[in-house]
Amino acid sequence: MSDRTYAILGTGALGGFYGARLQKAGLDVHFLLKSDYEHVNKYGLVVESKDGDFTLAKVHAYNDVEKMPQCDVVVVALKTTQNHLLPKMLPPVVKDDGVVLVLQNGLGVEEEVAQIVGNVTVIGGLCFLCSNKVRTGHIHHLDYGQITLSEYAYNYEPSEITERMQQIADDFESADISIELAEDLLLARWKKLVWNIPYNGLSVILNARTDELMAHEYTSKLVEQLMYEVAAGAKSYGRTISDRFIQTMLDYTVKMTPYRPSMKIDYDENRPLEVEAIFGNPLRKAQAAGVNLLQISCLYHQLKFLNARGKGER
């Protein structure tokens, strides 16, 4: 059994699910919580999952990062709208020569983390997971769960599959979490955007679940067009996303349990939307390379309007 210690910053639908699975597998896991702290500290975490329900009656729960022990691996599972908090959150909890594992959506998030922490390894994790927090301390895992891991190198240059990546992969696989290791983090990030951009954006703008978007010929065609536009953005940085990969994403979503993407849930619950990380950063990256992503730009401006209006009217 691994003796690596894990800190979970953001014990929600994603961080709570993966952290609970790691603890269930016998690893030493420490959870940072906000509003759920008192409940989870007293009653633990409940995971309702398609792979089998379980309850962790006792967890290491904290409401202050300064009270957490320094850990070997710090998992950043916060929404990117909270990344302004990371300069105060990361240094106290990550060991020297430790690992920060960034399980966030969007583009450019590892760059932000690398500027905050010094002598640590930064690894990006791309999660293909359908999971919701349905109530205090209660997570509902609906479908999938695979993570693609890739180590961050300066300017997102491709790098090798390192021993540290393999060690973390072994820990997650011991918790029955499927892991894929990749050498090119930037390509992996663009590939994740193939799904995130159309489904997160359209679910908010059109008030629709994934199954509803795929059931109608016009919206399913729009989804596909947006996926190909993401591929054009990737190509502007020398990364190729194949037609086959796009078709696989479409097929997976058709078979997926009907799902409200994370941005749709945030919108419905009047929380800030991850517009910049998922839409703004890719647009700016592509524009810097001389490529305009017109349909994605249209989504971006609509979402910026909805996000700004929501702060005062929803």
# chains A, B, ... in the order shown; residues from 1 in each chain; ligands from 1

call {"tool": "residues_around", "arguments": {"residues": "region 202-207 of chain A", "least_positions_apart": "6", "cutoff": "12 Å", "atoms": "only C-alpha atoms", "output": "PyMOL selection string"}}
result
chain A and resi 195-196+213-214+219-220+222-224+226+258-270+273-275+295-296+298-307+310

call {"tool": "residues_around", "arguments": {"residues": "Ser2 (chain A)", "least_positions_apart": "4", "cutoff": "9 Å", "atoms": "only C-alpha atoms", "output": "number ranges by chain"}}
result
A: 26-28, 167, 170-171

call {"tool": "closest_residue", "arguments": {"among": "A:Ala286, A:Val75, A:Leu186, A:Val59", "to": "Val93 (chain A)", "atoms": "only C-alpha atoms"}}
result
A:Val75

call {"tool": "select_by_dssp", "arguments": {"residues": "region 29-216 of chain A", "states": "strand (DSSP E)", "output": "CSV table (one decimal) with N, CA and C atoms, in the first residue's frame"}}
result
chain,number,residue,atom,x,y,z
A,29,VAL,N,-5.8,10.5,3.2
A,29,VAL,CA,-6.4,11.6,2.5
A,29,VAL,C,-6.9,12.6,3.4
A,30,HIS,N,-6.7,13.9,3.1
A,30,HIS,CA,-7.1,15.0,3.9
A,30,HIS,C,-7.9,16.0,3.1
A,31,PHE,N,-9.1,16.3,3.6
A,31,PHE,CA,-10.1,17.1,2.8
A,31,PHE,C,-10.3,18.5,3.3
A,32,LEU,N,-10.2,19.5,2.4
A,32,LEU,CA,-10.5,20.8,2.7
A,32,LEU,C,-11.9,21.1,2.3
A,45,LEU,N,-18.5,11.2,4.7
A,45,LEU,CA,-18.8,11.4,3.3
A,45,LEU,C,-19.6,10.2,2.7
A,46,VAL,N,-20.7,10.5,2.0
A,46,VAL,CA,-21.5,9.5,1.4
A,46,VAL,C,-21.3,9.5,-0.2
A,47,VAL,N,-21.0,8.4,-0.8
A,47,VAL,CA,-20.8,8.3,-2.2
A,47,VAL,C,-21.8,7.3,-2.8
A,48,GLU,N,-22.7,7.8,-3.6
A,48,GLU,CA,-23.7,7.0,-4.3
A,48,GLU,C,-23.2,6.9,-5.7
A,49,SER,N,-22.8,5.6,-6.1
A,49,SER,CA,-22.1,5.4,-7.4
A,49,SER,C,-22.7,4.3,-8.2
A,54,PHE,N,-21.0,3.7,-1.1
A,54,PHE,CA,-20.2,3.5,0.1
A,54,PHE,C,-20.3,4.7,1.0
A,55,THR,N,-20.0,4.6,2.2
A,55,THR,CA,-19.9,5.7,3.2
A,55,THR,C,-18.6,5.7,3.9
A,56,LEU,N,-17.9,6.8,4.0
A,56,LEU,CA,-16.7,7.0,4.8
A,56,LEU,C,-17.2,7.6,6.1
A,60,HIS,N,-10.6,12.9,7.5
A,60,HIS,CA,-9.8,14.0,7.9
A,60,HIS,C,-10.3,15.2,7.3
A,61,ALA,N,-11.1,16.0,8.0
A,61,ALA,CA,-11.8,17.2,7.4
A,61,ALA,C,-11.2,18.4,8.1
A,62,TYR,N,-11.1,19.5,7.2
A,62,TYR,CA,-10.5,20.8,7.7
A,62,TYR,C,-11.3,21.9,7.0
A,71,CYS,N,1.3,17.6,2.6
A,71,CYS,CA,1.1,16.3,1.9
A,71,CYS,C,2.0,16.1,0.7
A,72,ASP,N,2.1,14.9,0.3
A,72,ASP,CA,3.0,14.6,-0.9
A,72,ASP,C,2.3,15.0,-2.2
A,73,VAL,N,1.0,14.8,-2.2
A,73,VAL,CA,0.2,15.2,-3.4
A,73,VAL,C,-1.0,16.1,-3.0
A,74,VAL,N,-1.0,17.2,-3.6
A,74,VAL,CA,-2.1,18.2,-3.4
A,74,VAL,C,-3.0,18.2,-4.6
A,75,VAL,N,-4.2,17.8,-4.5
A,75,VAL,CA,-5.2,17.7,-5.6
A,75,VAL,C,-6.0,19.0,-5.6
A,76,VAL,N,-5.9,19.8,-6.7
A,76,VAL,CA,-6.6,21.0,-6.8
A,76,VAL,C,-7.9,20.7,-7.6
A,94,VAL,N,1.5,21.8,0.5
A,94,VAL,CA,2.3,20.9,-0.3
A,94,VAL,C,3.8,20.8,0.2
A,95,LYS,N,4.3,19.6,0.2
A,95,LYS,CA,5.6,19.3,0.7
A,95,LYS,C,6.6,19.9,-0.3
A,96,ASP,N,7.8,20.2,0.1
A,96,ASP,CA,8.9,20.5,-0.8
A,96,ASP,C,9.1,19.3,-1.6
A,97,ASP,N,9.3,19.5,-2.9
A,97,ASP,CA,9.5,18.4,-3.9
A,97,ASP,C,8.3,17.5,-4.0
A,98,GLY,N,7.1,18.1,-3.6
A,98,GLY,CA,5.9,17.3,-3.7
A,98,GLY,C,5.2,17.5,-5.1
A,99,VAL,N,4.0,17.1,-5.2
A,99,VAL,CA,3.2,17.2,-6.5
A,99,VAL,C,1.9,18.0,-6.3
A,100,VAL,N,1.6,18.9,-7.2
A,100,VAL,CA,0.3,19.5,-7.3
A,100,VAL,C,-0.4,18.9,-8.5
A,101,LEU,N,-1.5,18.2,-8.3
A,101,LEU,CA,-2.3,17.5,-9.3
A,101,LEU,C,-3.5,18.4,-9.6
A,102,VAL,N,-3.5,19.0,-10.8
A,102,VAL,CA,-4.6,20.0,-11.1
A,102,VAL,C,-5.7,19.3,-11.9
A,121,THR,N,6.4,19.4,-8.5
A,121,THR,CA,6.0,18.9,-9.8
A,121,THR,C,4.6,19.2,-10.0
A,122,VAL,N,4.2,19.8,-11.2
A,122,VAL,CA,2.8,20.1,-11.5
A,122,VAL,C,2.4,19.1,-12.6
A,123,ILE,N,1.3,18.4,-12.2
A,123,ILE,CA,0.7,17.4,-13.2
A,123,ILE,C,-0.7,17.9,-13.5
A,124,GLY,N,-1.1,17.8,-14.7
A,124,GLY,CA,-2.5,18.1,-15.1
A,124,GLY,C,-3.3,16.8,-15.2
A,125,GLY,N,-4.5,16.9,-14.7
A,125,GLY,CA,-5.4,15.7,-14.8
A,125,GLY,C,-6.7,16.1,-15.5
A,126,LEU,N,-7.0,15.4,-16.5
A,126,LEU,CA,-8.2,15.7,-17.3
A,126,LEU,C,-9.2,14.6,-17.0
A,127,CYS,N,-10.3,15.0,-16.3
A,127,CYS,CA,-11.3,14.0,-15.8
A,127,CYS,C,-12.5,13.9,-16.8
A,128,PHE,N,-12.8,12.7,-17.1
A,128,PHE,CA,-14.1,12.4,-17.9
A,128,PHE,C,-15.0,11.8,-16.9
A,129,LEU,N,-15.8,12.6,-16.2
A,129,LEU,CA,-16.5,12.2,-15.0
A,129,LEU,C,-17.9,12.8,-15.0
A,130,CYS,N,-18.9,12.0,-14.8
A,130,CYS,CA,-20.3,12.6,-14.5
A,130,CYS,C,-20.6,12.4,-13.0
A,131,SER,N,-20.5,13.4,-12.3
A,131,SER,CA,-20.7,13.4,-10.8
A,131,SER,C,-21.3,14.7,-10.4
A,132,ASN,N,-22.2,14.6,-9.4
A,132,ASN,CA,-22.8,15.8,-8.8
A,132,ASN,C,-22.8,15.7,-7.3
A,133,LYS,N,-22.7,16.8,-6.6
A,133,LYS,CA,-22.9,16.9,-5.2
A,133,LYS,C,-24.4,17.1,-5.0
A,134,VAL,N,-25.2,16.2,-4.5
A,134,VAL,CA,-26.6,16.3,-4.4
A,134,VAL,C,-27.1,16.9,-3.1
A,135,ARG,N,-26.3,16.8,-2.1
A,135,ARG,CA,-26.6,17.4,-0.8
A,135,ARG,C,-25.4,17.5,0.0
A,138,HIS,N,-22.8,14.5,0.4
A,138,HIS,CA,-23.4,13.4,-0.4
A,138,HIS,C,-23.1,13.6,-1.9
A,139,ILE,N,-22.3,12.7,-2.5
A,139,ILE,CA,-21.9,12.8,-3.9
A,139,ILE,C,-22.6,11.7,-4.7
A,140,HIS,N,-23.1,12.0,-5.8
A,140,HIS,CA,-23.8,11.1,-6.7
A,140,HIS,C,-22.9,10.9,-8.0
A,141,HIS,N,-22.3,9.8,-8.1
A,141,HIS,CA,-21.5,9.4,-9.3
A,141,HIS,C,-22.4,8.7,-10.3
A,142,LEU,N,-22.6,9.4,-11.5
A,142,LEU,CA,-23.5,8.8,-12.5
A,142,LEU,C,-22.8,7.9,-13.5
A,143,ASP,N,-21.6,8.4,-14.0
A,143,ASP,CA,-21.1,7.7,-15.1
A,143,ASP,C,-19.6,8.0,-15.3
A,144,TYR,N,-18.9,7.1,-16.0
A,144,TYR,CA,-17.5,7.3,-16.3
A,144,TYR,C,-16.6,7.6,-15.1
A,145,GLY,N,-15.4,8.2,-15.3
A,145,GLY,CA,-14.5,8.5,-14.2
A,145,GLY,C,-13.1,8.5,-14.5
A,146,GLN,N,-12.7,8.2,-15.8
A,146,GLN,CA,-11.3,8.1,-16.2
A,146,GLN,C,-10.6,9.4,-16.1
A,147,ILE,N,-9.3,9.4,-15.7
A,147,ILE,CA,-8.5,10.6,-15.7
A,147,ILE,C,-7.3,10.4,-16.6
A,148,THR,N,-7.0,11.4,-17.4
A,148,THR,CA,-5.7,11.4,-18.2
A,148,THR,C,-4.7,12.3,-17.4
A,149,LEU,N,-3.6,11.7,-17.1
A,149,LEU,CA,-2.5,12.4,-16.4
A,149,LEU,C,-1.4,12.8,-17.4
A,150,SER,N,-0.9,14.0,-17.2
A,150,SER,CA,0.3,14.5,-18.0
A,150,SER,C,1.0,15.5,-17.2
A,151,GLU,N,2.3,15.4,-17.2
A,151,GLU,CA,3.2,16.3,-16.5
A,151,GLU,C,3.4,17.7,-17.2
A,179,ILE,N,-6.9,5.2,-15.4
A,179,ILE,CA,-5.9,6.2,-15.7
A,179,ILE,C,-5.3,6.0,-17.0
A,180,GLU,N,-5.2,7.1,-17.8
A,180,GLU,CA,-4.4,7.1,-19.0
A,180,GLU,C,-3.2,8.1,-18.8
A,181,LEU,N,-2.0,7.7,-19.2
A,181,LEU,CA,-0.8,8.6,-19.1
A,181,LEU,C,-0.5,9.1,-20.4

call {"tool": "closest_residue", "arguments": {"among": "A:Thr136, A:Gln104, A:Ser159, A:Ser178", "to": "Glu38 (chain A)", "atoms": "only C-alpha atoms"}}
result
A:Thr136

call {"tool": "closest_residue", "arguments": {"among": "A:Leu85, A:Ile116, A:Leu14, A:Ala57", "to": "His39 (chain A)", "atoms": "only C-alpha atoms"}}
result
A:Ala57

call {"tool": "atom_distance", "arguments": {"atom1": "CA of Tyr37 (chain A)", "atom2": "CA of Arg21 (chain A)"}}
result
18.7 Å

call {"tool": "closest_residue", "arguments": {"among": "A:Glu111, A:Asp211, A:Glu163, A:Asp51", "to": "Ala175 (chain A)", "atoms": "only C-alpha atoms"}}
result
A:Asp51

call {"tool": "closest_residue", "arguments": {"among": "A:Gln23, A:Ser297, A:Asn119, A:Ser174", "to": "Ile197 (chain A)", "atoms": "only C-alpha atoms"}}
result
A:Ser297

call {"tool": "decode", "arguments": {"residues": "region 111-152 of chain A", "atoms": "C-alpha atoms", "output": "PDB file, in the first residue's frame"}}
result
ATOM      1  CA  GLU A 111       0.833  27.685 -15.790  1.00  0.00           C
ATOM      2  CA  GLU A 112      -0.927  29.534 -12.966  1.00  0.00           C
ATOM      3  CA  VAL A 113      -0.019  26.848 -10.426  1.00  0.00           C
ATOM      4  CA  ALA A 114       3.621  26.646 -11.560  1.00  0.00           C
ATOM      5  CA  GLN A 115       3.991  30.381 -10.902  1.00  0.00           C
ATOM      6  CA  ILE A 116       2.758  29.910  -7.320  1.00  0.00           C
ATOM      7  CA  VAL A 117       4.769  26.908  -6.146  1.00  0.00           C
ATOM      8  CA  GLY A 118       8.491  26.460  -6.577  1.00  0.00           C
ATOM      9  CA  ASN A 119      10.200  23.137  -6.038  1.00  0.00           C
ATOM     10  CA  VAL A 120       7.240  20.917  -6.864  1.00  0.00           C
ATOM     11  CA  THR A 121       6.020  18.905  -9.817  1.00  0.00           C
ATOM     12  CA  VAL A 122       2.823  20.096 -11.494  1.00  0.00           C
ATOM     13  CA  ILE A 123       0.688  17.434 -13.167  1.00  0.00           C
ATOM     14  CA  GLY A 124      -2.482  18.103 -15.128  1.00  0.00           C
ATOM     15  CA  GLY A 125      -5.416  15.742 -14.773  1.00  0.00           C
ATOM     16  CA  LEU A 126      -8.238  15.662 -17.328  1.00  0.00           C
ATOM     17  CA  CYS A 127     -11.320  14.033 -15.815  1.00  0.00           C
ATOM     18  CA  PHE A 128     -14.054  12.427 -17.878  1.00  0.00           C
ATOM     19  CA  LEU A 129     -16.548  12.150 -15.045  1.00  0.00           C
ATOM     20  CA  CYS A 130     -20.278  12.574 -14.524  1.00  0.00           C
ATOM     21  CA  SER A 131     -20.715  13.366 -10.849  1.00  0.00           C
ATOM     22  CA  ASN A 132     -22.848  15.781  -8.799  1.00  0.00           C
ATOM     23  CA  LYS A 133     -22.944  16.864  -5.176  1.00  0.00           C
ATOM     24  CA  VAL A 134     -26.615  16.273  -4.416  1.00  0.00           C
ATOM     25  CA  ARG A 135     -26.641  17.432  -0.804  1.00  0.00           C
ATOM     26  CA  THR A 136     -24.299  18.207   2.085  1.00  0.00           C
ATOM     27  CA  GLY A 137     -21.596  15.534   2.243  1.00  0.00           C
ATOM     28  CA  HIS A 138     -23.372  13.407  -0.398  1.00  0.00           C
ATOM     29  CA  ILE A 139     -21.924  12.813  -3.874  1.00  0.00           C
ATOM     30  CA  HIS A 140     -23.751  11.055  -6.709  1.00  0.00           C
ATOM     31  CA  HIS A 141     -21.486   9.441  -9.321  1.00  0.00           C
ATOM     32  CA  LEU A 142     -23.525   8.819 -12.464  1.00  0.00           C
ATOM     33  CA  ASP A 143     -21.064   7.673 -15.132  1.00  0.00           C
ATOM     34  CA  TYR A 144     -17.450   7.323 -16.321  1.00  0.00           C
ATOM     35  CA  GLY A 145     -14.532   8.495 -14.161  1.00  0.00           C
ATOM     36  CA  GLN A 146     -11.328   8.089 -16.187  1.00  0.00           C
ATOM     37  CA  ILE A 147      -8.471  10.569 -15.675  1.00  0.00           C
ATOM     38  CA  THR A 148      -5.725  11.411 -18.169  1.00  0.00           C
ATOM     39  CA  LEU A 149      -2.511  12.449 -16.405  1.00  0.00           C
ATOM     40  CA  SER A 150       0.271  14.464 -18.022  1.00  0.00           C
ATOM     41  CA  GLU A 151       3.152  16.349 -16.453  1.00  0.00           C
ATOM     42  CA  TYR A 152       3.477  20.090 -17.029  1.00  0.00           C
TER      43      TYR A 152
END
